[in-house]
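Visitor: The structure file my_file.pdb (PDB, C-alpha atoms) is provided below.
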```pdb
ATOM      1  CA  MET V   8     -28.788  37.750  12.070
ATOM      2  CA  ASN V   9     -29.280  34.297  13.603
ATOM      3  CA  ILE V  10     -31.328  33.491  16.718
ATOM      4  CA  GLU V  11     -28.333  33.570  19.080
ATOM      5  CA  GLN V  12     -27.312  37.005  17.805
ATOM      6  CA  LYS V  13     -30.876  38.261  18.192
ATOM      7  CA  LYS V  14     -30.973  36.875  21.739
ATOM      8  CA  GLU V  15     -27.733  38.658  22.572
ATOM      9  CA  GLU V  16     -29.260  41.938  21.392
ATOM     10  CA  LEU V  17     -32.533  41.260  23.224
ATOM     11  CA  ASN V  18     -30.603  40.467  26.399
ATOM     12  CA  LYS V  19     -29.515  44.124  26.505
ATOM     13  CA  LEU V  20     -32.757  45.651  25.240
ATOM     14  CA  LEU V  21     -34.885  43.746  27.733
ATOM     15  CA  GLY V  22     -32.449  44.224  30.612
ATOM     16  CA  ILE V  23     -32.476  40.492  31.398
ATOM     17  CA  GLU V  24     -29.570  40.700  33.839
ATOM     18  CA  GLU V  25     -31.212  43.625  35.647
ATOM     19  CA  LYS V  26     -34.453  41.654  35.856
ATOM     20  CA  LYS V  27     -32.612  38.669  37.351
ATOM     21  CA  GLU V  28     -31.035  40.943  39.945
ATOM     22  CA  ARG V  29     -34.429  42.459  40.803
ATOM     23  CA  ILE V  30     -35.870  38.950  41.275
ATOM     24  CA  LYS V  31     -33.082  38.195  43.762
ATOM     25  CA  GLN V  32     -33.855  41.430  45.646
ATOM     26  CA  ILE V  33     -37.541  40.516  45.909
ATOM     27  CA  GLN V  34     -36.683  36.989  47.047
ATOM     28  CA  VAL V  35     -34.619  38.458  49.893
ATOM     29  CA  LEU V  36     -37.555  40.673  50.897
ATOM     30  CA  MET V  37     -39.944  37.723  50.750
ATOM     31  CA  SER V  38     -37.727  35.786  53.153
ATOM     32  CA  MET V  39     -38.182  38.477  55.813
ATOM     33  CA  PRO V  40     -40.556  37.484  58.678
ATOM     34  CA  ASP V  41     -42.565  40.719  58.374
ATOM     35  CA  PHE V  42     -42.980  40.505  54.582
ATOM     36  CA  TRP V  43     -46.757  39.898  54.693
ATOM     37  CA  GLN V  44     -47.519  42.544  57.318
ATOM     38  CA  ASP V  45     -48.192  45.009  54.512
ATOM     39  CA  GLN V  46     -50.360  42.787  52.320
ATOM     40  CA  ASN V  47     -50.769  45.258  49.456
ATOM     41  CA  SER V  48     -47.019  45.756  49.153
ATOM     42  CA  ALA V  49     -46.411  42.013  49.477
ATOM     43  CA  LYS V  50     -48.928  41.189  46.743
ATOM     44  CA  ASN V  51     -47.448  43.824  44.426
ATOM     45  CA  LEU V  52     -43.910  42.515  44.947
ATOM     46  CA  SER V  53     -45.054  38.918  44.449
ATOM     47  CA  GLN V  54     -46.774  39.891  41.202
ATOM     48  CA  GLU V  55     -43.702  41.848  40.074
ATOM     49  CA  MET V  56     -41.477  38.826  40.659
ATOM     50  CA  ALA V  57     -43.878  36.579  38.745
ATOM     51  CA  ASP V  58     -43.964  39.007  35.787
ATOM     52  CA  LEU V  59     -40.186  39.391  35.735
ATOM     53  CA  GLY V  60     -39.720  35.640  36.055
ATOM     54  CA  ARG V  61     -42.021  35.071  33.103
ATOM     55  CA  ILE V  62     -39.979  37.340  30.816
ATOM     56  CA  VAL V  63     -36.657  35.846  31.964
ATOM     57  CA  SER V  64     -38.038  32.341  31.404
ATOM     58  CA  GLU V  65     -39.341  33.248  27.938
ATOM     59  CA  PHE V  66     -35.927  34.684  27.066
ATOM     60  CA  GLU V  67     -33.966  31.685  28.321
ATOM     61  CA  ASN V  68     -36.281  29.221  26.534
ATOM     62  CA  ALA V  69     -36.485  31.132  23.236
ATOM     63  CA  ILE V  70     -35.354  28.819  20.454
ATOM     64  CA  THR V  71     -37.607  29.693  17.493
ATOM     65  CA  ASP V  72     -38.280  32.802  15.430
ATOM     66  CA  GLU V  73     -41.772  32.937  16.933
ATOM     67  CA  ASP V  74     -40.245  33.003  20.426
ATOM     68  CA  ILE V  75     -37.949  35.841  19.336
ATOM     69  CA  ASN V  76     -40.862  37.814  17.860
ATOM     70  CA  LYS V  77     -42.704  37.659  21.192
ATOM     71  CA  LEU V  78     -39.624  38.942  22.987
ATOM     72  CA  GLU V  79     -39.107  41.710  20.439
ATOM     73  CA  PHE V  80     -42.633  42.904  21.212
ATOM     74  CA  GLN V  81     -41.581  43.325  24.852
ATOM     75  CA  THR V  82     -38.899  45.829  23.757
ATOM     76  CA  LEU V  83     -41.709  48.267  22.944
ATOM     77  CA  PHE V  84     -42.049  48.742  26.699
ATOM     78  CA  SER V  85     -38.616  50.323  26.974
ATOM     79  CA  GLY V  86     -39.554  53.558  28.741
ATOM     80  CA  PRO V  87     -38.139  54.076  32.241
ATOM     81  CA  TYR V  88     -41.546  53.543  33.897
ATOM     82  CA  ASP V  89     -43.347  51.337  31.374
ATOM     83  CA  ASN V  90     -43.423  48.337  33.727
ATOM     84  CA  ASN V  91     -45.143  50.332  36.478
ATOM     85  CA  ASN V  92     -48.740  50.733  37.583
ATOM     86  CA  ALA V  93     -50.609  53.736  36.195
ATOM     87  CA  ILE V  94     -52.758  56.519  37.606
ATOM     88  CA  ILE V  95     -55.235  58.085  35.159
ATOM     89  CA  MET V  96     -57.062  61.353  35.766
ATOM     90  CA  PHE V  97     -60.148  62.216  33.704
ATOM     91  CA  HIS V  98     -61.341  65.806  33.193
ATOM     92  CA  SER V  99     -64.450  66.766  31.231
ATOM     93  CA  GLY V 100     -64.093  69.750  28.926
ATOM     94  CA  ALA V 101     -66.379  72.704  28.386
ATOM     95  CA  GLY V 102     -69.894  71.755  27.353
ATOM     96  CA  GLY V 103     -71.618  70.591  30.520
ATOM     97  CA  THR V 104     -73.500  67.300  30.332
ATOM     98  CA  GLU V 105     -72.167  66.411  26.856
ATOM     99  CA  ALA V 106     -68.532  66.615  27.930
ATOM    100  CA  GLN V 107     -69.212  64.960  31.271
ATOM    101  CA  ASP V 108     -70.879  62.011  29.572
ATOM    102  CA  TRP V 109     -67.888  61.753  27.225
ATOM    103  CA  ALA V 110     -65.437  61.727  30.142
ATOM    104  CA  GLU V 111     -67.359  58.842  31.718
ATOM    105  CA  MET V 112     -67.361  56.949  28.400
ATOM    106  CA  LEU V 113     -63.568  57.277  28.307
ATOM    107  CA  MET V 114     -63.219  56.037  31.878
ATOM    108  CA  ARG V 115     -65.366  53.026  31.017
ATOM    109  CA  MET V 116     -63.170  52.448  27.928
ATOM    110  CA  ILE V 117     -60.026  52.353  30.077
ATOM    111  CA  GLU V 118     -61.685  50.072  32.636
ATOM    112  CA  ARG V 119     -62.713  47.607  29.921
ATOM    113  CA  PHE V 120     -59.263  47.699  28.332
ATOM    114  CA  SER V 121     -57.762  46.959  31.763
ATOM    115  CA  ASP V 122     -60.149  44.035  32.225
ATOM    116  CA  LYS V 123     -59.086  42.581  28.873
ATOM    117  CA  LYS V 124     -55.410  42.811  29.902
ATOM    118  CA  GLY V 125     -56.047  41.264  33.299
ATOM    119  CA  PHE V 126     -55.113  44.493  35.078
ATOM    120  CA  LYS V 127     -56.780  45.434  38.355
ATOM    121  CA  TRP V 128     -58.337  48.896  38.504
ATOM    122  CA  GLN V 129     -59.713  50.986  41.326
ATOM    123  CA  VAL V 130     -61.591  54.300  41.302
ATOM    124  CA  LEU V 131     -59.798  56.592  43.753
ATOM    125  CA  ASP V 132     -61.965  59.654  43.261
ATOM    126  CA  GLU V 133     -65.037  60.612  41.245
ATOM    127  CA  SER V 134     -67.046  63.818  40.882
ATOM    128  CA  LYS V 135     -70.382  63.088  39.213
ATOM    129  CA  GLY V 136     -72.060  65.446  36.743
ATOM    130  CA  GLU V 137     -75.407  66.990  37.634
ATOM    131  CA  GLU V 138     -77.360  65.113  34.928
ATOM    132  CA  ALA V 139     -74.988  62.446  33.655
ATOM    133  CA  GLY V 140     -71.346  61.524  33.358
ATOM    134  CA  ILE V 141     -68.450  62.780  35.460
ATOM    135  CA  LYS V 142     -66.802  66.142  35.927
ATOM    136  CA  SER V 143     -63.567  64.431  36.936
ATOM    137  CA  ALA V 144     -62.298  61.102  38.204
ATOM    138  CA  MET V 145     -59.105  59.291  39.117
ATOM    139  CA  LEU V 146     -58.396  55.649  38.341
ATOM    140  CA  LYS V 147     -55.498  53.476  39.508
ATOM    141  CA  VAL V 148     -54.538  50.548  37.276
ATOM    142  CA  ASP V 149     -52.274  47.820  38.665
ATOM    143  CA  GLY V 150     -50.449  45.411  36.400
ATOM    144  CA  TYR V 151     -47.122  44.732  34.735
ATOM    145  CA  ASN V 152     -46.604  47.230  31.867
ATOM    146  CA  ALA V 153     -49.832  49.042  32.824
ATOM    147  CA  PHE V 154     -48.214  52.440  32.371
ATOM    148  CA  GLY V 155     -46.456  51.290  29.192
ATOM    149  CA  TRP V 156     -49.813  50.471  27.629
ATOM    150  CA  LEU V 157     -51.826  53.364  29.032
ATOM    151  CA  LYS V 158     -49.407  56.267  28.559
ATOM    152  CA  SER V 159     -50.628  56.565  24.967
ATOM    153  CA  GLU V 160     -53.990  57.792  26.284
ATOM    154  CA  SER V 161     -52.575  60.951  27.869
ATOM    155  CA  GLY V 162     -54.033  63.988  26.111
ATOM    156  CA  VAL V 163     -57.250  65.471  24.769
ATOM    157  CA  HIS V 164     -59.850  63.106  23.281
ATOM    158  CA  ARG V 165     -62.477  64.531  20.888
ATOM    159  CA  LEU V 166     -65.954  63.093  20.310
ATOM    160  CA  VAL V 167     -68.350  63.932  17.457
ATOM    161  CA  ARG V 168     -71.852  62.424  17.697
ATOM    162  CA  ILE V 169     -75.591  63.041  17.617
ATOM    163  CA  SER V 170     -76.259  64.175  21.149
ATOM    164  CA  PRO V 171     -78.523  61.891  23.223
ATOM    165  CA  PHE V 172     -79.233  64.942  25.388
ATOM    166  CA  ASP V 173     -80.424  67.181  22.536
ATOM    167  CA  ALA V 174     -84.101  66.994  21.614
ATOM    168  CA  ASP V 175     -83.249  68.359  18.155
ATOM    169  CA  LYS V 176     -80.803  65.476  17.564
ATOM    170  CA  ALA V 177     -78.083  67.936  16.645
ATOM    171  CA  ARG V 178     -74.474  66.887  16.155
ATOM    172  CA  HIS V 179     -72.182  67.890  19.030
ATOM    173  CA  THR V 180     -68.419  67.952  19.535
ATOM    174  CA  SER V 181     -67.135  67.202  23.038
ATOM    175  CA  PHE V 182     -63.679  67.120  24.620
ATOM    176  CA  ALA V 183     -62.182  65.366  27.633
ATOM    177  CA  LEU V 184     -58.640  65.365  28.974
ATOM    178  CA  LEU V 185     -56.798  62.328  30.297
ATOM    179  CA  GLU V 186     -53.633  62.595  32.358
ATOM    180  CA  VAL V 187     -51.603  59.410  32.810
ATOM    181  CA  ILE V 188     -48.758  59.188  35.297
ATOM    182  CA  PRO V 189     -46.706  56.228  36.517
ATOM    183  CA  GLU V 190     -46.772  55.015  40.081
ATOM    184  CA  THR V 191     -43.075  54.979  40.883
ATOM    185  CA  GLU V 192     -40.919  54.460  43.936
ATOM    186  CA  LYS V 193     -38.834  57.457  42.883
ATOM    187  CA  SER V 194     -41.723  59.760  43.697
ATOM    188  CA  LYS V 195     -41.192  58.865  47.363
ATOM    189  CA  GLU V 196     -37.969  60.882  47.173
ATOM    190  CA  ILE V 197     -39.984  64.057  46.609
ATOM    191  CA  ASP V 198     -39.991  66.180  49.763
ATOM    192  CA  ILE V 199     -43.154  68.150  50.480
ATOM    193  CA  ASP V 200     -43.268  70.925  53.056
ATOM    194  CA  GLU V 201     -46.567  70.565  54.970
ATOM    195  CA  LYS V 202     -46.716  74.370  55.144
ATOM    196  CA  GLU V 203     -47.130  74.418  51.355
ATOM    197  CA  LEU V 204     -50.230  72.238  51.497
ATOM    198  CA  LYS V 205     -53.868  73.221  51.842
ATOM    199  CA  ILE V 206     -55.801  70.200  53.117
ATOM    200  CA  ASP V 207     -59.593  70.045  53.065
ATOM    201  CA  PHE V 208     -61.841  67.253  54.297
ATOM    202  CA  TYR V 209     -65.348  66.628  52.980
ATOM    203  CA  ARG V 210     -68.012  63.959  52.746
ATOM    204  CA  ALA V 211     -67.300  61.415  50.071
ATOM    205  CA  GLY V 212     -69.835  60.344  47.487
ATOM    206  CA  GLY V 213     -70.053  57.431  45.097
ATOM    207  CA  HIS V 214     -67.304  54.885  45.678
ATOM    208  CA  GLY V 215     -65.964  53.942  49.086
ATOM    209  CA  GLY V 216     -68.408  51.756  51.008
ATOM    210  CA  GLN V 217     -71.575  51.968  53.065
ATOM    211  CA  ASN V 218     -70.333  54.586  55.538
ATOM    212  CA  VAL V 219     -68.771  56.775  52.900
ATOM    213  CA  ASN V 220     -71.312  59.620  53.158
ATOM    214  CA  LYS V 221     -71.686  59.752  56.939
ATOM    215  CA  VAL V 222     -68.372  61.374  57.910
ATOM    216  CA  GLU V 223     -65.853  63.671  56.258
ATOM    217  CA  THR V 224     -63.426  60.973  55.115
ATOM    218  CA  ALA V 225     -62.648  62.398  51.663
ATOM    219  CA  VAL V 226     -59.508  64.500  51.299
ATOM    220  CA  ARG V 227     -58.527  67.294  48.940
ATOM    221  CA  ILE V 228     -54.875  68.379  48.975
ATOM    222  CA  THR V 229     -53.715  71.507  47.166
ATOM    223  CA  HIS V 230     -50.001  72.084  46.636
ATOM    224  CA  VAL V 231     -49.976  75.868  46.826
ATOM    225  CA  PRO V 232     -46.680  76.581  44.960
ATOM    226  CA  THR V 233     -47.720  74.621  41.848
ATOM    227  CA  GLY V 234     -51.515  74.724  42.142
ATOM    228  CA  LEU V 235     -51.699  70.932  41.798
ATOM    229  CA  VAL V 236     -54.833  69.457  43.384
ATOM    230  CA  VAL V 237     -55.442  65.824  44.347
ATOM    231  CA  ASN V 238     -58.716  64.397  45.684
ATOM    232  CA  CYS V 239     -59.116  60.972  47.228
ATOM    233  CA  GLN V 240     -62.283  59.425  48.685
ATOM    234  CA  ASN V 241     -61.996  55.698  48.028
ATOM    235  CA  GLU V 242     -60.571  54.632  51.385
ATOM    236  CA  ARG V 243     -62.744  54.294  54.493
ATOM    237  CA  SER V 244     -60.732  56.520  56.816
ATOM    238  CA  GLN V 245     -59.587  60.108  56.573
ATOM    239  CA  SER V 246     -55.977  59.133  57.290
ATOM    240  CA  GLN V 247     -55.941  56.481  54.553
ATOM    241  CA  ASN V 248     -57.344  58.928  52.004
ATOM    242  CA  LYS V 249     -54.782  61.530  53.041
ATOM    243  CA  GLU V 250     -51.957  59.002  52.667
ATOM    244  CA  GLN V 251     -53.181  57.973  49.212
ATOM    245  CA  ALA V 252     -53.645  61.596  48.115
ATOM    246  CA  LEU V 253     -50.119  62.512  49.252
ATOM    247  CA  LYS V 254     -48.717  59.549  47.334
ATOM    248  CA  ILE V 255     -50.440  60.686  44.142
ATOM    249  CA  LEU V 256     -49.422  64.304  44.721
ATOM    250  CA  LYS V 257     -45.803  63.183  44.965
ATOM    251  CA  ALA V 258     -46.199  61.242  41.704
ATOM    252  CA  LYS V 259     -47.596  64.365  39.999
ATOM    253  CA  LEU V 260     -44.789  66.525  41.384
ATOM    254  CA  TYR V 261     -42.247  63.958  40.213
ATOM    255  CA  LYS V 262     -43.799  63.985  36.738
ATOM    256  CA  LEU V 263     -43.673  67.789  36.762
ATOM    257  CA  GLN V 264     -39.992  67.639  37.679
ATOM    258  CA  LEU V 265     -39.311  65.236  34.818
ATOM    259  CA  GLU V 266     -41.212  67.477  32.386
ATOM    260  CA  GLN V 267     -39.093  70.455  33.370
ATOM    261  CA  GLU V 268     -35.884  68.480  32.964
ATOM    262  CA  ALA V 269     -37.050  67.158  29.604
ATOM    263  CA  LYS V 270     -37.923  70.651  28.385
ATOM    264  CA  GLU V 271     -34.439  71.821  29.294
ATOM    265  CA  ARG V 272     -33.052  69.026  27.101
ATOM    266  CA  ASN V 273     -35.636  69.757  24.416
ATOM    267  CA  GLU V 274     -36.586  66.077  24.465
ATOM    268  CA  LEU V 275     -40.196  66.249  25.611
ATOM    269  CA  ARG V 276     -41.622  62.953  24.365
ATOM    270  CA  GLY V 277     -43.866  60.006  25.218
ATOM    271  CA  GLU V 278     -45.208  59.900  28.754
ATOM    272  CA  PHE V 279     -43.705  63.317  29.513
ATOM    273  CA  GLN V 280     -45.804  65.090  26.902
ATOM    274  CA  SER V 281     -48.047  67.624  28.587
ATOM    275  CA  PRO V 282     -51.515  67.521  26.990
ATOM    276  CA  GLU V 283     -53.203  70.821  26.207
ATOM    277  CA  TRP V 284     -56.744  71.710  25.203
ATOM    278  CA  GLY V 285     -57.275  72.215  21.504
ATOM    279  CA  SER V 286     -54.560  69.750  20.497
ATOM    280  CA  GLN V 287     -56.506  66.501  20.543
ATOM    281  CA  ILE V 288     -54.556  63.281  20.267
ATOM    282  CA  ARG V 289     -57.480  61.234  18.975
ATOM    283  CA  SER V 290     -60.898  61.845  17.429
ATOM    284  CA  TYR V 291     -63.914  59.558  17.757
ATOM    285  CA  VAL V 292     -66.545  60.274  15.107
ATOM    286  CA  LEU V 293     -69.865  58.463  15.581
ATOM    287  CA  ALA V 294     -71.901  60.538  13.094
ATOM    288  CA  PRO V 295     -72.365  61.137  10.178
ATOM    289  CA  TYR V 296     -69.818  58.324   9.628
ATOM    290  CA  LYS V 297     -67.913  56.055  12.000
ATOM    291  CA  LEU V 298     -64.187  56.566  12.476
ATOM    292  CA  VAL V 299     -61.620  56.699  15.250
ATOM    293  CA  LYS V 300     -58.331  58.326  14.237
ATOM    294  CA  ASP V 301     -55.171  58.892  16.261
ATOM    295  CA  HIS V 302     -53.639  62.159  15.072
ATOM    296  CA  ARG V 303     -50.130  61.262  16.271
ATOM    297  CA  THR V 304     -49.787  57.900  14.528
ATOM    298  CA  ASP V 305     -52.555  57.980  11.863
ATOM    299  CA  VAL V 306     -53.859  54.641  13.180
ATOM    300  CA  GLU V 307     -57.569  54.384  12.312
ATOM    301  CA  SER V 308     -60.551  52.178  13.086
ATOM    302  CA  THR V 309     -64.008  52.178  11.494
ATOM    303  CA  ASN V 310     -65.424  50.369  14.526
ATOM    304  CA  PRO V 311     -65.676  52.992  17.295
ATOM    305  CA  ASP V 312     -68.007  50.775  19.326
ATOM    306  CA  ALA V 313     -65.230  48.196  19.716
ATOM    307  CA  VAL V 314     -62.681  50.894  20.543
ATOM    308  CA  LEU V 315     -64.931  52.374  23.219
ATOM    309  CA  ASP V 316     -65.381  48.843  24.550
ATOM    310  CA  GLY V 317     -61.633  48.704  25.244
ATOM    311  CA  ASP V 318     -60.158  47.394  21.983
ATOM    312  CA  LEU V 319     -57.218  49.780  22.079
ATOM    313  CA  ASP V 320     -54.269  47.511  21.274
ATOM    314  CA  GLU V 321     -53.823  48.758  17.707
ATOM    315  CA  PHE V 322     -53.729  52.401  18.813
ATOM    316  CA  MET V 323     -51.421  51.746  21.746
ATOM    317  CA  ILE V 324     -48.990  49.582  19.784
ATOM    318  CA  GLY V 325     -48.878  52.213  17.040
ATOM    319  CA  TYR V 326     -47.941  54.797  19.663
ATOM    320  CA  LEU V 327     -45.319  52.535  21.260
ATOM    321  CA  LYS V 328     -43.678  51.823  17.908
ATOM    322  CA  LYS V 329     -43.529  55.511  17.018
ATOM    323  CA  TYR V 330     -42.068  56.645  20.332
ATOM    324  CA  GLN V 331     -39.901  53.637  21.167
ATOM    325  CA  ILE V 332     -36.656  55.286  20.070
ATOM    326  CA  SER V 333     -37.242  58.474  22.065
ATOM    327  CA  ASN V 334     -38.222  56.431  25.126
ATOM    328  CA  VAL V 335     -34.981  54.452  24.975
ATOM    329  CA  LYS V 336     -33.018  57.693  24.622
ATOM    330  CA  LEU V 337     -34.825  59.209  27.599
ATOM    331  CA  GLN V 338     -34.136  56.139  29.711
ATOM    332  CA  ASN V 339     -30.428  56.259  28.860
ATOM    333  CA  ASN V 340     -30.259  59.924  29.822
ATOM    334  CA  ASN V 341     -31.762  59.365  33.278
TER     335      ASN V 341
END
```
Once you've parsed the file, please lay out its structure as structure tokens.

Guide:
Amino acid sequence: MNIEQKKEELNKLLGIEEKKERIKQIQVLMSMPDFWQDQNSAKNLSQEMADLGRIVSEFENAITDEDINKLEFQTLFSGPYDNNNAIIMFHSGAGGTEAQDWAEMLMRMIERFSDKKGFKWQVLDESKGEEAGIKSAMLKVDGYNAFGWLKSESGVHRLVRISPFDADKARHTSFALLEVIPETEKSKEIDIDEKELKIDFYRAGGHGGQNVNKVETAVRITHVPTGLVVNCQNERSQSQNKEQALKILKAKLYKLQLEQEAKERNELRGEFQSPEWGSQIRSYVLAPYKLVKDHRTDVESTNPDAVLDGDLDEFMIGYLKKYQISNVKLQNNN
């Protein structure tokens, strides 16, 4: 297959025409006089147009095999929401301080990975452990293909190490659960009956600014029918936290809807896989030997320090290559 034939195939796989159309849509929005009134939305749309323009430009200027190889890599992000921002929820497992410390290590790992990719991240909620670590936390990562990269981290992560909290220096096994969902416009279509919500306000702690502990600005929303709970304390005002929490609740409800549809088709794959305790996706062994192994792809590393410092590309690419076909199928079915 020559370069022109490969480009013709990549034109379809990358959705180049769709990307061009989306660029035109954003340009129309940018020409509106009130475009910059919502600065966050304006910045996100501007960044989206820049990212789309880069891929279109790379496609149109591809003339060598090396150029084609770079474009073929982009086809790994073929899931319906791979280009979107990501929301990651961290939950420590049973085991008290050990598990809470492990959950915080994983959050730091994701933050460092995001830094390496040039993604912007923001802690939306955080519940600290009594001695160390976190009981739970929520992180928002903004960037093109953020969800495509990070969806591989959804599931149970297992740590084996000599405990720094054990005076006997015994070896401990800890677990933490990560949930990764895409931030998508489609979640706005989810209708929520206010009567089905239990809304609590409380004093925030940790992130959020100087006045964060003085008033009850933090919000906890419980969706009674499903039992889904979302906390948000990062914003300065109660109304802003409520708005952010509702947005994330809608994203979780949308993901739940997709999971149910996928189960009906018996095609539960990729980002729609629901992680469960006891079925770890990856193990990190720090003692008596050093090894990180992904149990879905068999990708391994003997340098766990680098992995925990955010060097996750090998694991994520291995996941993307394994699940690329099912992601394309899922996209075509939606």

Visitor: Evaluate the PyMOL selection byres ((chain V and resi 300) around 12) and record the selected residues as a PyMOL selection string, following the chain and residue labels used in the document.

Guide: chain V and resi 164-167+287-293+297-299+301-311+314+319+321-322+325

Visitor: Using the selection just defined, write its residues with C-alpha atoms as a PDB file, in the coordinates of the input.

Guide:
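After the write, selection-v4.pdb holds the following:
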```pdb
ATOM      1  CA  HIS V 164     -59.850  63.106  23.281  1.00  0.00           C
ATOM      2  CA  ARG V 165     -62.477  64.531  20.888  1.00  0.00           C
ATOM      3  CA  LEU V 166     -65.954  63.093  20.310  1.00  0.00           C
ATOM      4  CA  VAL V 167     -68.350  63.932  17.457  1.00  0.00           C
ATOM      5  CA  GLN V 287     -56.506  66.501  20.543  1.00  0.00           C
ATOM      6  CA  ILE V 288     -54.556  63.281  20.267  1.00  0.00           C
ATOM      7  CA  ARG V 289     -57.480  61.234  18.975  1.00  0.00           C
ATOM      8  CA  SER V 290     -60.898  61.845  17.429  1.00  0.00           C
ATOM      9  CA  TYR V 291     -63.914  59.558  17.757  1.00  0.00           C
ATOM     10  CA  VAL V 292     -66.545  60.274  15.107  1.00  0.00           C
ATOM     11  CA  LEU V 293     -69.865  58.463  15.581  1.00  0.00           C
ATOM     12  CA  LYS V 297     -67.913  56.055  12.000  1.00  0.00           C
ATOM     13  CA  LEU V 298     -64.187  56.566  12.476  1.00  0.00           C
ATOM     14  CA  VAL V 299     -61.620  56.699  15.250  1.00  0.00           C
ATOM     15  CA  ASP V 301     -55.171  58.892  16.261  1.00  0.00           C
ATOM     16  CA  HIS V 302     -53.639  62.159  15.072  1.00  0.00           C
ATOM     17  CA  ARG V 303     -50.130  61.262  16.271  1.00  0.00           C
ATOM     18  CA  THR V 304     -49.787  57.900  14.528  1.00  0.00           C
ATOM     19  CA  ASP V 305     -52.555  57.980  11.863  1.00  0.00           C
ATOM     20  CA  VAL V 306     -53.859  54.641  13.180  1.00  0.00           C
ATOM     21  CA  GLU V 307     -57.569  54.384  12.312  1.00  0.00           C
ATOM     22  CA  SER V 308     -60.551  52.178  13.086  1.00  0.00           C
ATOM     23  CA  THR V 309     -64.008  52.178  11.494  1.00  0.00           C
ATOM     24  CA  ASN V 310     -65.424  50.369  14.526  1.00  0.00           C
ATOM     25  CA  PRO V 311     -65.676  52.992  17.295  1.00  0.00           C
ATOM     26  CA  VAL V 314     -62.681  50.894  20.543  1.00  0.00           C
ATOM     27  CA  LEU V 319     -57.218  49.780  22.079  1.00  0.00           C
ATOM     28  CA  GLU V 321     -53.823  48.758  17.707  1.00  0.00           C
ATOM     29  CA  PHE V 322     -53.729  52.401  18.813  1.00  0.00           C
ATOM     30  CA  GLY V 325     -48.878  52.213  17.040  1.00  0.00           C
TER      31      GLY V 325
END
```

Visitor: Which residues match the PyMOL selection byres ((chain V and resi 24-30) around 8) in the file above, as a ChimeraX atom specification?

Guide: /V:18,22-23,31-34,56,59-60,63

Visitor: If the PyMOL selection byres ((chain V and resi 239) around 7) were run on this exact file, what residues would it hold? Put them as a list in words.

Guide: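 Checking the PyMOL selection byres ((chain V and resi 239) around 7) against this file, the residues are Leu131, Asp132, Ala225, Val226, Arg227, Val237, Asn238, Gln240, Asn241, Asn248, Gln251 and Ala252 of chain V.
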
Visitor: To one decimal place, how far is CA of Asp74 in chain V from CA of Asn91 in chain V in Å?

Guide: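 Atom-to-atom, CA of Asp74 in chain V to CA of Asn91 in chain V, that is 24.1 Å.
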
Visitor: Measuring atom to atom with all atoms listed in the file, identify which of V:Lys14, V:Arg61, V:Arg178, V:Lys259 is nearest to Met96 in chain V.

Guide: V:Lys259

Visitor: Name all residues at most 9 Å from Leu235 in chain V (count all atoms listed in the file; drop same-chain ones fewer than 5 positions away) and give them as a PDB file with C-alpha atoms, in the frame of the given file.

Guide:
```pdb
ATOM      1  CA  ILE V 228     -54.875  68.379  48.975  1.00  0.00           C
ATOM      2  CA  THR V 229     -53.715  71.507  47.166  1.00  0.00           C
ATOM      3  CA  HIS V 230     -50.001  72.084  46.636  1.00  0.00           C
ATOM      4  CA  LEU V 256     -49.422  64.304  44.721  1.00  0.00           C
ATOM      5  CA  LYS V 259     -47.596  64.365  39.999  1.00  0.00           C
ATOM      6  CA  LEU V 260     -44.789  66.525  41.384  1.00  0.00           C
TER       7      LEU V 260
END
```

Visitor: Please report the interatomic distance between CA of Ile197 in chain V and CA of Tyr261 in chain V in Å with one decimal.

Guide: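 If I compute the distance from CA of Ile197 in chain V to CA of Tyr261 in chain V, I get 6.8 Å.
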
Visitor: Tell me which of V:Ser64, V:Gln107, V:Asn51, V:Ser134 sits closest to Tyr151 in chain V, counting only C-alpha atoms.

Guide: V:Asn51

Visitor: Could you please determine the separation between CA of Glu186 in chain V and CA of Ala258 in chain V in Å, to one decimal place?

Guide: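 Between these atoms lies a distance of 12.0 Å.
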
Visitor: Show which residues sit within 12 Å of Thr71 in chain V, as a JSON list (two decimals) with C-alpha atoms, in the frame of the given file. Count only C-alpha atoms, and ignore same-chain residues fewer than 6 positions away.

Guide:
```json
[["chain", "number", "residue", "atom", "x", "y", "z"],
["V", 9, "ASN", "CA", -29.28, 34.30, 13.60],
["V", 10, "ILE", "CA", -31.33, 33.49, 16.72],
["V", 11, "GLU", "CA", -28.33, 33.57, 19.08],
["V", 13, "LYS", "CA", -30.88, 38.26, 18.19],
["V", 14, "LYS", "CA", -30.97, 36.88, 21.74],
["V", 65, "GLU", "CA", -39.34, 33.25, 27.94],
["V", 77, "LYS", "CA", -42.70, 37.66, 21.19],
["V", 78, "LEU", "CA", -39.62, 38.94, 22.99]]
```

Visitor: Select, from V:Asp320, V:Lys123, V:Glu160, V:Asp149, the residue with the minimum atom-to-atom distance to Asn47 in chain V, counting all atoms listed in the file.

Guide: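 Under the stated criterion, the closest residue is V:Asp149.
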
Visitor: Pick the closest to Arg119 in chain V from V:Val148, V:Pro295, V:Pro232, V:Trp43: which is it, counting all atoms listed in the file?

Guide: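 For Arg119 in chain V, the nearest of the candidates is V:Val148.
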
Visitor: Would you mind telling me which residue in V:Ser53, V:Lys328, V:Asp45, V:Ser85 lies nearest to Leu21 in chain V when using all atoms listed in the file?

Guide: V:Ser85

Visitor: When you look at Phe172 in chain V with a cut-off of 10 Å (counting all atoms listed in the file), what residues show up, excluding the ones that are within fewer than 2 positions of it in the same chain? I need them as a compact mmCIF listing (two decimals) with C-alpha atoms, in the frame of the given file.

Guide:
```
# COMPACT_ATOMS: atom_id res chain seq x y z
CA THR V 104 -73.50 67.30 30.33
CA GLU V 105 -72.17 66.41 26.86
CA ASP V 108 -70.88 62.01 29.57
CA GLU V 138 -77.36 65.11 34.93
CA ALA V 139 -74.99 62.45 33.66
CA ILE V 169 -75.59 63.04 17.62
CA SER V 170 -76.26 64.18 21.15
CA ALA V 174 -84.10 66.99 21.61
CA ASP V 175 -83.25 68.36 18.16
CA LYS V 176 -80.80 65.48 17.56
CA ALA V 177 -78.08 67.94 16.64
CA HIS V 179 -72.18 67.89 19.03
```
